[in-house]
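Scroll down for the structure; my scribbles are underneath it.
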Amino acid sequence: MSKDKIKFYINGNEVEASTSETIWEVSKRKNINIPHLCHADEPGYRSDGNCRACMVEIEGERVLAASCIRKPSEGMKINTDSDRSVSARKSVFELLSADQPCRENHPDPESKFWNWVDKMDINTSQYPKIKDIKRDITHKAMHVNLDACINCNLCVRACREVQVNDVIGMSYRGHKSKITFDFDDGMGDSSCVACGECVQVCPTGALIEKSLVNEDGKRDKYSDKSVNSLCPFCGVGCQTKVHVKDNKILHVDGRDGPANNQRLCVKGRFGFDYVHNDKRLLKPLIRKDNAPKDRYILDKKDRRIEDYFREASWDEAIEISAKGFKNILKYNGSSALCGFGSAKGSNEEAYLFQKLIRTAFVTNNVDHCTRLCHASSVAALLECVGSGAVSAPFTATEDSDCAIIIGARPTTNHPVAATYIKQAAKKGTKIIIMDPRKNDMSRHAWEHLEFKPGMDVAMLNALIYTIIEEELYDKQYVQSMTNGFEELKNSIAGFSPELMSEKCGIDSSTLRKVARVYANSEKSIIFWGMGISQHVHGTDNARCLITLSLITGQIGRPGTGLHPLRGQNNVQGASDAGLIPMMYPDYNSVENEQIYSKMEDFWGKKLDKKKGLTVVEIINEVINDNIKGMYVMGENPAMSDPDQNHTREGLAKLEHMVVQDIFMTETAWFADIILPASAAAEKDGTFTNTNRQVQMGRKAITPPGEAREDWRIIIDLANSLGMNWEYKNVSDVFKEMSMVMPSLNNITWERLEKEHSVTYPCDDINSPGNDIIFVEGYPTEDTRGKIVPAQLVSPAEIPDENFPLVLTTGRLLEHWHTGAMTRTSEILDGIEPNAILCMNAIDMKKMNIEPGQNVKVSTRRGFVSVAVRQDWQLPEGMIFMPFCFSEAAANILTNPQLDPFGKIPEFKFCAAKVNKIEIAAE
């Protein structure tokens, strides 16, 4: 027998098990049910053995053993149903039930605890009640009734060990002991980030979703079905279980998917209610003849939909939509048309959308939000390693010795991915944060390099210089797997840490120390976000990170690699599917004659031979009267694009714009026709997350009113434009995609329905796919990585006497993208309801500004009025605004100057000023 296998007996039957298994785990495998409360049979939870509800008897031992923590030994004889063990377990439940609220008034009368009471026929009134704790209803999303708490500590482990948020603890002693939030604050007043891990794991309902209980704190809502699906928010791609009753989502749990292992964040767990908001679009709308487009429509707070639009049938709306595009095509040509697709839609919808633009509009003027988030990252990755995808998943940090996080705030923007990084830090991985701002991950960091804004290249080149000068680079890897190293050595000559220290604001000794740790660690990985990409030098920033990885050989092995954290749920999949102006599906150039001919033959339509325009370029051409028609699906350029005064002027100028969305977004107010679409929970489709995991999203509810599934709307419009598409099911679209996308080799619709997730590239129909790529080379012509040196490029706009501050923009934990979904979620908007400007306390003191005070924030493009929040994470001279609040739209202020390679705007840096708003005395 193998050394890690043993044989022993359970209830008289011989069993074989691994030496790492507990008695409880073996018993479960043998279909023997042992009660348990403090033990969670869930990923990430260690056994604690404190409740004693799972006691079993072992022959020859005087005391009973907790089966959740006890491991068997060779020849051991275990009895799970002896009189002693059953009696002991019943006593535990009787004691615990005595302190529970009566079942009629219990927070969850169908909880795990009560189910065990029923199965064990427990006498619940044998002992007197000795505790009485008042309910805590301070949190917007969760109900706390510690009267039902059994002190099992599962919520503590959930918070501290699984999510690593360190909010919940156990306080006091004896019968007064209880769980507490921070310093015994109300849950809603604590530092809780509302991930909800505690409510999912609580065995009694002491912690439970507010959506499930009535005003008295008793659960009165139960689902009639549960659907396995996906979170519709960020690029992490968390798998979910959606619980539904009467076509309404009641609550959402995390599932054990490869990207989340059951975990969720506040948006994924509590942000589902946006789909039921009464502001959903229910019928097609057509602009009234007496309601011309108004550039300043969004400034009118009393605007009403019925004053500008009339309801229409689907047939009329599709017919008029198609007629407008046909007229522009006839009189102005294909270059006068364009389309903005969505990274929130499925892979199939992205594929259909770009196919429509390319075949029906006959133009490559098609883009989506990747242009506004990681376009420069993708440009650099394609240039240097031949692929725009990540080389390793974020879960690779489990194997890493060193992890650099630069220009990213994972705890805010990718909270579940952040849990893996925080867990790695607890196990000893050196986390190096590089960001002008502190962030919540900083407390887990080995080192935080708080460099000067816009000086990324100076800092990164100093690290590269150190690695080359001190010969820390991997000579064999550089020689056999890369090109351009000698050019790099020449280019880097003027970037010593000593020379760059003043420019980037980091001491030269720190720069050298960090370079040594990254290069000398056996396994190092780099994560980056839009703090890297959203600059005019964003492509250069990414080139530097790729160079660090290539010269040290920190790529192509477990625990190593390059990972730009994707922002939206399907930005990776939408880009893969060809929703970009210069590439067909799978990043095949539209200007490659061979590829062009292949796609013409495949689609059977004449195609445009030149690359299309990007998001910002399209708006510029609208202003210049060259583009006259636009089809927008699920995008909101009136909020997401830089210099919004310019953008909104362009949207109002369009002759014909069709908007397909679920809400009356800011962009929809400029439309000629509005098509009511479907939310993610209302349709089937596949989505590809930041880890390259292609996953199945499933329909949980039907769209409201006359709203339709997006892929069906695209098909209807295409056919009205003469395309004669005959897709019967969304699976038909996936099959067609697979024919022109080698990345989907060995990944079928049927397989995804069964397995839920498969990682690409996948070598075999029975393989789960390759988490780590570039193991034996790169998808370039010579299989080598290309090293591209970068020189210093200043931000497009430098602070001066008139605009002395640096404005940067981004997201909040509770809100996502332009807020179209999260701001219509009652729970999420209730937690973070108001527009804010974040400022450093020192800057506020200099300007005599108090927290909560309204100020005027100005740049060379415009101004907004907003309330100030004091933020210790910001350095002096820098201010931050989230771009999700339409009442104080940050992108009115941002700079539209583009990175020349990725064509991405400089959202992360522009010159600004702040002035107090003086209130006139009465």
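How things are named: the first chain in the structure tokens is A, the next is B, and so on; residues count from 1 in each chain; ligands count from 1 in the order shown.
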Legend entry - Which of region 702-886 of chain A fall in strand (DSSP E), as JSON, numbers by chain: {"A": [757, 758, 759, 785, 786, 805, 806, 807, 808, 809, 810, 836, 837, 838, 839, 854, 855, 856, 857, 858, 859, 862, 863, 864, 865, 866, 867, 868, 869, 870, 878, 879, 880, 881, 882]}
Inset, instruction - Find the residues near Arg135 (chain A): any atom within 8 Å, counting only C-alpha atoms, skip ones fewer than 3 places away on the same chain, and give them as a list in words. - result: His143, Val144, Asn145, Leu146 and Asp147 of chain A
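Nearest-residue note for Gly254 (chain A): choosing from A:Glu42, A:Asp507, A:Glu726, A:Asp641, the minimum distance belongs to A:Glu42, counting only C-alpha atoms.
Straight-line separation from CA of Arg280 (chain A) to CA of Met664 (chain A): 7.6 Å.
In this comparison, which uses only C-alpha atoms, the residue of A:Gly697, A:Gly49, A:Gly567, A:Pro43 approaching Ala408 (chain A) most closely is A:Gly567.
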Legend entry - Selection near Asn770 (chain A), 9 Å with only C-alpha atoms, sequence-local residues under 4 positions removed, as a count of residues only: 6
Give me, as a tab-separated table, the closest atom pair and its distance (Å, one decimal) for every residue of region 410-509 of chain A within a cut-off of 10 Å of region 236-245 of chain A, counting only C-alpha atoms, rows sorted by chain and rising number.
residue	atom	partner	partner_atom	distance
A:Asn413	CA	A:Val236	CA	9.5
A:His414	CA	A:Val236	CA	6.5
A:Pro415	CA	A:Val236	CA	8.6
A:Val416	CA	A:Val236	CA	7.2
A:Ala417	CA	A:Val236	CA	6.5
A:Ala418	CA	A:Val236	CA	9.9
Go ahead and write the selection's residues with N, CA, C and O atoms as a PDB file, in the first residue's frame.
ATOM      1  N   ASN A 413     -11.263  46.827  -6.867  1.00  0.00           N
ATOM      2  CA  ASN A 413     -11.734  46.516  -8.212  1.00  0.00           C
ATOM      3  C   ASN A 413     -11.837  45.025  -8.520  1.00  0.00           C
ATOM      4  O   ASN A 413     -12.578  44.634  -9.422  1.00  0.00           O
ATOM      5  N   HIS A 414     -11.074  44.204  -7.806  1.00  0.00           N
ATOM      6  CA  HIS A 414     -11.105  42.751  -8.018  1.00  0.00           C
ATOM      7  C   HIS A 414     -11.034  42.064  -6.643  1.00  0.00           C
ATOM      8  O   HIS A 414     -10.076  41.335  -6.348  1.00  0.00           O
ATOM      9  N   PRO A 415     -12.033  42.294  -5.797  1.00  0.00           N
ATOM     10  CA  PRO A 415     -11.927  41.871  -4.393  1.00  0.00           C
ATOM     11  C   PRO A 415     -11.691  40.389  -4.187  1.00  0.00           C
ATOM     12  O   PRO A 415     -10.959  40.001  -3.271  1.00  0.00           O
ATOM     13  N   VAL A 416     -12.305  39.545  -5.007  1.00  0.00           N
ATOM     14  CA  VAL A 416     -12.116  38.108  -4.818  1.00  0.00           C
ATOM     15  C   VAL A 416     -10.711  37.693  -5.243  1.00  0.00           C
ATOM     16  O   VAL A 416     -10.062  36.876  -4.577  1.00  0.00           O
ATOM     17  N   ALA A 417     -10.208  38.263  -6.343  1.00  0.00           N
ATOM     18  CA  ALA A 417      -8.812  38.004  -6.710  1.00  0.00           C
ATOM     19  C   ALA A 417      -7.881  38.448  -5.591  1.00  0.00           C
ATOM     20  O   ALA A 417      -6.865  37.798  -5.306  1.00  0.00           O
ATOM     21  N   ALA A 418      -8.236  39.545  -4.926  1.00  0.00           N
ATOM     22  CA  ALA A 418      -7.403  40.061  -3.841  1.00  0.00           C
ATOM     23  C   ALA A 418      -7.290  39.072  -2.686  1.00  0.00           C
ATOM     24  O   ALA A 418      -6.268  39.035  -1.994  1.00  0.00           O
TER      25      ALA A 418
END
Inset, instruction - Mind checking which residues fall within 10 Å of Leu352 (chain A), counting only C-alpha atoms, ignoring those fewer than 2 positions away in the same chain, and posting them as a list of chain:residue names? - result: A:Gly341, A:Ser346, A:Asn347, A:Glu348, A:Glu349, A:Ala350, A:Gln354, A:Lys355, A:Leu356, A:Ile357, A:Arg358, A:Ala577, A:Gly578, A:Leu579, A:Asp710, A:Trp711, A:Arg712, A:Ile714, A:Ile715, A:Ala718, A:Val733, A:Phe734, A:Met737
Give me, as a PDB file with C-alpha atoms, in the first residue's frame, all polymer residues having an atom no more than 10 Å from Pro833 (chain A), counting only C-alpha atoms and skipping those fewer than 6 positions away in the same chain.
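That gives us result_33.pdb:
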ATOM      1  CA  GLU A 814     -19.533  49.269  -4.348  1.00  0.00           C
ATOM      2  CA  HIS A 815     -19.852  50.821  -7.798  1.00  0.00           C
ATOM      3  CA  ARG A 823     -26.431  52.792  -8.966  1.00  0.00           C
ATOM      4  CA  GLU A 826     -30.800  49.688  -3.903  1.00  0.00           C
ATOM      5  CA  ILE A 827     -28.282  47.951  -1.682  1.00  0.00           C
ATOM      6  CA  PHE A 885     -21.719  59.443 -10.450  1.00  0.00           C
TER       7      PHE A 885
END
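You can rank A:Ile249, A:Ile179, A:Val15, A:Val615 by their closest distance to Ile701 (chain A) using only C-alpha atoms, and at the top of that list sits A:Ile249.
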Legend entry - Residue with smallest distance to Ile831 (chain A) - pool A:Leu548, A:Ile168, A:Leu154, A:Cys192, counting only C-alpha atoms: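 Ranking A:Leu548, A:Ile168, A:Leu154, A:Cys192 by distance to Ile831 (chain A), first place goes to A:Cys192.
From CA of Lys606 (chain A) back to CA of Asn729 (chain A), the distance works out to 25.6 Å.
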Inset, instruction - For Arg557 (chain A), work out the shell of residues within 9 Å, counting only C-alpha atoms and skipping chain neighbours fewer than 6 positions away, then give it as a list in words. - result: Ala392, Lys523, Ile772, Ile773, Phe774 and Val775 of chain A
Using the selection just defined, write its residues with N, CA and C atoms as a short mmCIF file (atom, residue, chain, number, x, y, z; two decimals), in the first residue's frame.
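Result written to out_1.cif:
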data_model
loop_
_atom_site.label_atom_id
_atom_site.label_comp_id
_atom_site.auth_asym_id
_atom_site.auth_seq_id
_atom_site.Cartn_x
_atom_site.Cartn_y
_atom_site.Cartn_z
N ALA A 392 -0.73 33.82 -16.72
CA ALA A 392 -1.00 32.98 -15.56
C ALA A 392 -2.21 33.55 -14.83
N LYS A 523 10.13 32.36 -7.92
CA LYS A 523 8.91 32.54 -8.72
C LYS A 523 8.32 33.91 -8.39
N ILE A 772 -1.11 28.03 -17.16
CA ILE A 772 0.17 28.69 -17.42
C ILE A 772 0.51 28.54 -18.91
N ILE A 773 0.78 29.66 -19.56
CA ILE A 773 1.17 29.59 -20.98
C ILE A 773 2.57 30.17 -21.17
N PHE A 774 3.07 30.08 -22.38
CA PHE A 774 4.44 30.48 -22.74
C PHE A 774 5.48 29.58 -22.06
N VAL A 775 5.11 28.33 -21.84
CA VAL A 775 6.02 27.39 -21.18
C VAL A 775 7.21 27.07 -22.09
#
Legend entry - Long-range neighbours of Pro789 (chain A) as number ranges by chain, 10 Å cut-off, only C-alpha atoms, 3 positions minimum in chain: A: 461, 484-485, 487-492, 540, 543-544, 547, 786
